[in-house]
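*Asks:* Sending over a structure as structure tokens; questions will come in a sec.
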Amino acid sequence: MKIQLPVQKNDYIDVTFVDLTHDGHGVAKVDGYPIFVPNGLPGEKAKIKVIKVNKGYGFGRIIELYETSPDRVKPDCPIYKECGGCQLQHLSYSGQLKAKQKQVKDVLQRIGKIENVTVHPVLGMEDPWRYRNKAQVPVGDREGGLIAGFYQHRSHDIIDMEACLIQQEKNDTVIQTVKEICGKHGVRAYNEGTHKGTLRHIMARYGMKTGEVMIVLITRTTDLPNKKAIIDEITAQIPGVKSIVQNINTQRTNVIFGVETKVLWGEEVIYDYIGNIKFAISARSFYQVNPEQTKVLYDQALKYAGLTGQETVIDAYCGIGTISLFLTEKAKKVYGVEIVPEAIEDAKRNAELNGITNVEFAVGEAERVIPKWYSEGITADVLVVDPPRKGCDETLLQTIIDMKPKKVVYVSCNPATLARDLRILEDGGYQTVEVQPVDMFPQTTHVECVVLMSRVEK
Ligand SMILES: C[S@@+](CC[C@H](N)C(=O)[O-])C[C@H]1O[C@@H](n2cnc3c(N)ncnc32)[C@H](O)[C@@H]1O
């Protein structure tokens, strides 16, 4: 039976936007049927053209904006429309923070059925620009040199970029300089279509507190033409460069990094500080991209952990031990687990670097290592999880439920998987006490949350 929808493809209709999706599109409703429209903001009235209809929702395009929101601002970035890296530059920063708080509340309710929990206002930045410490850009060929920038929306055509307004200026300079030097020395860009060419991506990482720079050249081939000349010029032209690394990715894949990494010049790591703790960061390790807000995030996690010095804490998905080392200051003992071996090497080095001895790190999947620890008698008073976007593995959640730590502190970069996991933990005997969103990624739709859960004793 054909379902009669309230709108048809190619209809022109007048709408009022009532909400914002998690990817920053305006939501209009016609007889309850949602239509997602890029660039629409809640409260705005517009004429739209319906461009696609599905059974449960449709898509549209703004033809004319009749009434604009007081929160609408002119995007600062000249390439905002083409790039797609930021999705909310047309919304004032205070509007972004309000929208993110609402998004978290809605998702927790809709997906997790987490009702009546306090979701605090989002902790934002005083200056929400130029906050990223890491740039990672694809490289393309152009006559007489290379381009590096971003993929045009819905394509793999590379648009050359000179500046990114959410990126540290230093990283802009590094990318420009490296692409010019490599191009000058005859390095060809990798071509996805033919699987030929050399340079796939350039990554620049900047220690905001130390000024140290790491450059990673991600190549298809082991060989890098004119390597010595390239290194000499990079080190002469870029102040602060401490490490030049090559990562080799021979596969036909969208995954950026390959398995082999070798140091071409300088150190294997660069250093940076969060608070008073010094961190060594290697090319492949996860390190939060917004260090200023990372401090805010970790302080919140520490506050929720409520440590007195007597507790054993497990930090699952610990990366280079950032949260673990923060926790050691107030815990009796901290155990950290992480899947990337290089990150655990960094974590151990970081503990040593800071003279911290009440911590142990293990390489492996949290969902295997923590059950093993539990079977060996290691239990936690507080368990911190900070998983990737896909959230926690179910085996891990079950182990937490069995282990019964008094508190779970959940750090999440994806409200949808957070909501799913909180529901599992609530069903297993935990109560969500409060949620503190932190804006780690201004101008984008991403939102990070720290959640406190406590064990409900029956
Ligand atoms: C969001 S990051 C958090 C890292 C760290 N807590 C921080 O704040 O820097 C998630 C980390 O989980 C790691 N990871 C992914 N899957 C994992 C798994 N199954 N077990 C353990 N670690 C995993 C990733 O390598 C990454 O370092």
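Quick note on naming: the chains in the structure tokens go A, B, ... in the order shown, residues restart at 1 in each chain, and ligands are numbered from 1 in order of appearance.
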Collect all residues with atoms no farther than 7 Å from ligand 1, counting only C-alpha atoms and all ligand atoms, and output them as a list in words.

*Replies:* Ser285, Phe286, Tyr287, Gln288, Ala316, Tyr317, Cys318, Gly319, Ile320, Gly321, Thr322, Ile323, Val337, Glu338, Ile339, Val340, Gly364, Glu365, Ala366, Glu367, Asp386, Pro387, Pro388 and Cys413 of chain A

*Asks:* Name the residues in contact with A:Ala351 at a cut-off of 12 Å, using only C-alpha atoms, excluding same-chain residues fewer than 3 positions from it; report them as number ranges by chain.

*Replies:* A: 277-280, 320-329, 334-336, 344-348, 354-361

*Asks:* Hey, what does DSSP flag as helix (DSSP H, G or I) within stretch 145-307 of chain A? Can you give it to me as a ChimeraX atom specification?

*Replies:* /A:169-184,227-237,291-305

*Asks:* Would you kindly return, as a list in words, each protein, DNA or RNA residue with an atom no farther than 8 Å from any atom of A:Gly84, considering only C-alpha atoms and excluding same-chain residues fewer than 3 positions away?

*Replies:* Tyr80, Lys81, Gln87, Gln152 and His153 of chain A

*Asks:* Using N, CA and C atoms, can you export the residues from the last selection as a short mmCIF file (atom, residue, chain, number, x, y, z; two decimals), in the first residue's frame?

*Replies:*
```cif
data_model
loop_
_atom_site.label_atom_id
_atom_site.label_comp_id
_atom_site.auth_asym_id
_atom_site.auth_seq_id
_atom_site.Cartn_x
_atom_site.Cartn_y
_atom_site.Cartn_z
N TYR A 80 33.51 28.37 4.74
CA TYR A 80 32.60 27.62 5.63
C TYR A 80 31.64 26.72 4.85
N LYS A 81 31.06 27.25 3.78
CA LYS A 81 30.05 26.50 3.03
C LYS A 81 30.62 25.28 2.34
N GLN A 87 29.99 23.09 11.28
CA GLN A 87 28.58 23.05 10.86
C GLN A 87 27.74 24.15 11.50
N GLN A 152 36.02 18.44 -0.70
CA GLN A 152 34.79 19.18 -0.96
C GLN A 152 33.61 18.32 -0.50
N HIS A 153 32.58 19.00 -0.02
CA HIS A 153 31.41 18.33 0.50
C HIS A 153 30.95 17.19 -0.42
#
```

*Asks:* Quick one: of A:Lys404, A:Lys100, A:Arg284, A:Arg188, who's nearest to A:Glu342, counting only C-alpha atoms?

*Replies:*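 Of all the options, A:Arg284 lies closest to A:Glu342.
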
*Asks:* Determine, counting only C-alpha atoms, which protein, DNA and RNA residues have an atom within 10 Å of an atom of stretch 161-172 of chain A; residues of the same chain fewer than 4 positions away are not included. Present the result as a ChimeraX atom specification.

*Replies:* /A:76-80,83,85-86,128-137,147-150,176-177,203-206,208,211,213-215,238-240,289-290,441-444

*Asks:* Need to verify the contact set: A:Ala28, 10 Å, only C-alpha atoms, exclusion of same-chain residues closer than 4 positions in sequence. Can you return it as a ChimeraX atom specification?

*Replies:* /A:14-20,32-37,40-46,48,58-60

*Asks:* Any chance you could list, as an MDAnalysis selection string, the residues in stretch 10-167 of chain A that come up strand (DSSP E or B) when DSSP is run on the backbone?

*Replies:* chainID A and resid 12:20 26:30 33:37 45:53 58:67 72 91 118:119 123 132 134:142 145:151 158:160 167
